[in-house]
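> Please see the structure below; I have some questions.
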Amino acid sequence: MTTRRDAVHDTLRKSEGFRSAQDVYAEMRLHGAKIGLTTVYRALQALADGGQVDVLRTDDGESVYRACATGSHHHHLVCRHCGRTVEVAGPAVERWAELVGSEHGFTEITHTVEVFGTCASCSATAKAG
């Protein structure tokens with residue numbers, strides 16, 4: 001891994017939720033890194049290709065990234081309000097995806113599942129306010 005890619009990865013590892021390339025870039029610059037936005041994008045793509053970061057598409061089509069906490073296949077619960085993200089296993093989803101694929105003659109099945117909701121902290125804040 002390159003030094004700049006390592007720095008981008010470190011920035012993501014220190015974040016709890018998903019971050020846009022612009023967010024990562026701004027945080028790195030704030031802490032004195034001499035890195036360009038294009039380099040951040042390239043590093044994020046390389047990290048995603050290597051399975052070191054997860055990528056989600058927001059409702060407006062923007063890609064956001066998060067360092068993987070585990071090397072195994074997983075899904076995410078994502079808070080719509082604060083972005084808090086929890087990695088979860090989904091064995092029922094795995095079985096369902098394989099079954100649906102095979103029923104339609106598909107092989108080499110892959111899938112991505114992201115579940116969005118409101119975390120307990122944001123729910124409590126909303127009820128208190």
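Residue numbering restarts at 1 for every chain of the structure tokens, chains are lettered A, B, ... in their displayed order, and ligands are numbered from 1 as they appear.
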So which residues touch segment 69-79 of chain A within 6 Å, counting only C-alpha atoms, skipping near sequence neighbours fewer than 2 positions away, as an mmCIF file with C-alpha atoms, in the first residue's frame?

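Generated output (around09.cif):
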```cif
data_model
loop_
_atom_site.group_PDB
_atom_site.id
_atom_site.type_symbol
_atom_site.label_atom_id
_atom_site.label_comp_id
_atom_site.auth_asym_id
_atom_site.auth_seq_id
_atom_site.Cartn_x
_atom_site.Cartn_y
_atom_site.Cartn_z
ATOM 1 C CA HIS A 81 -29.529 10.935 10.923
ATOM 2 C CA CYS A 82 -25.992 10.623 12.299
ATOM 3 C CA GLY A 83 -24.484 8.051 9.922
ATOM 4 C CA ARG A 84 -23.559 5.606 12.706
ATOM 5 C CA THR A 85 -22.928 2.248 11.073
ATOM 6 C CA VAL A 86 -22.956 -1.263 12.469
ATOM 7 C CA GLU A 87 -21.627 -4.256 10.547
ATOM 8 C CA VAL A 88 -23.920 -7.266 10.799
ATOM 9 C CA ALA A 89 -23.873 -10.838 9.529
ATOM 10 C CA VAL A 113 -27.558 -5.234 1.480
ATOM 11 C CA GLU A 114 -27.705 -2.021 3.461
ATOM 12 C CA VAL A 115 -30.435 -1.400 6.048
ATOM 13 C CA PHE A 116 -31.228 2.199 6.963
ATOM 14 C CA GLY A 117 -33.042 3.395 10.059
ATOM 15 C CA THR A 118 -32.651 5.577 13.152
ATOM 16 C CA CYS A 119 -30.170 4.520 15.830
#
```
> Per residue of segment 34-92 of chain A within 12 Å of segment 4-8 of chain A, what are the shortest atom pair and its distance in Å to one decimal, counting only C-alpha atoms, with rows by chain and residue number, as a Markdown table?

```
| residue | atom | partner | partner_atom | distance |
| --- | --- | --- | --- | --- |
| A:Lys34 | CA | A:Arg4 | CA | 9.4 |
| A:Ile35 | CA | A:Arg4 | CA | 7.6 |
| A:Gly36 | CA | A:Arg4 | CA | 10.0 |
| A:Leu37 | CA | A:Val8 | CA | 10.9 |
| A:Thr38 | CA | A:Arg4 | CA | 11.6 |
| A:Thr39 | CA | A:Arg4 | CA | 7.9 |
| A:Val40 | CA | A:Val8 | CA | 6.7 |
| A:Tyr41 | CA | A:Val8 | CA | 9.5 |
| A:Arg42 | CA | A:Arg5 | CA | 8.4 |
| A:Ala43 | CA | A:Arg5 | CA | 5.0 |
| A:Leu44 | CA | A:Val8 | CA | 7.3 |
| A:Gln45 | CA | A:Arg5 | CA | 9.9 |
| A:Ala46 | CA | A:Arg5 | CA | 8.1 |
| A:Leu47 | CA | A:Arg5 | CA | 7.6 |
| A:Ala48 | CA | A:Arg5 | CA | 11.2 |
| A:Gly50 | CA | A:Arg5 | CA | 11.6 |
| A:Gln52 | CA | A:Asp6 | CA | 10.9 |
| A:Val53 | CA | A:Val8 | CA | 10.5 |
| A:Tyr65 | CA | A:Val8 | CA | 10.6 |
| A:Arg66 | CA | A:Val8 | CA | 10.7 |
| A:Ala67 | CA | A:Val8 | CA | 9.8 |
```
> For Ser121 of chain A, which of A:Arg57, A:Arg80, A:Arg19, A:Lys14 is the closest residue, counting only C-alpha atoms?
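Nearest to Ser121 of chain A: A:Arg80.
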> With distances taken over only C-alpha atoms, which residue among A:Thr11, A:Thr58, A:Glu16, A:Ile109 lies nearest Leu30 of chain A?
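Looking only at the distances to Leu30 of chain A, the closest residue turns out to be A:Thr11.
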> Could you pull out the strand (DSSP E or B) residues of chain A from DSSP and send them as number ranges by chain?
A: 17, 19-20, 53-57, 63-67, 75-79, 84-88, 114-117
> Enumerate as a ChimeraX atom specification all residues of chain A assigned to alpha helix (DSSP H) by DSSP on the backbone, naming them with the chain letters and numbers the document uses.
/A:3-13,21-30,37-49,91-103,120-128
> Find the residue from A:Leu12, A:His31, A:His111, A:Gly51 that sits nearest to Glu98 of chain A; use only C-alpha atoms when measuring.
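Smallest distance to Glu98 of chain A is found for A:His111.
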> Have a look at A:Thr112, A:Ser102, A:Thr107, A:Ser63 and name the one nearest to Gln22 of chain A; count only C-alpha atoms.
A:Ser63
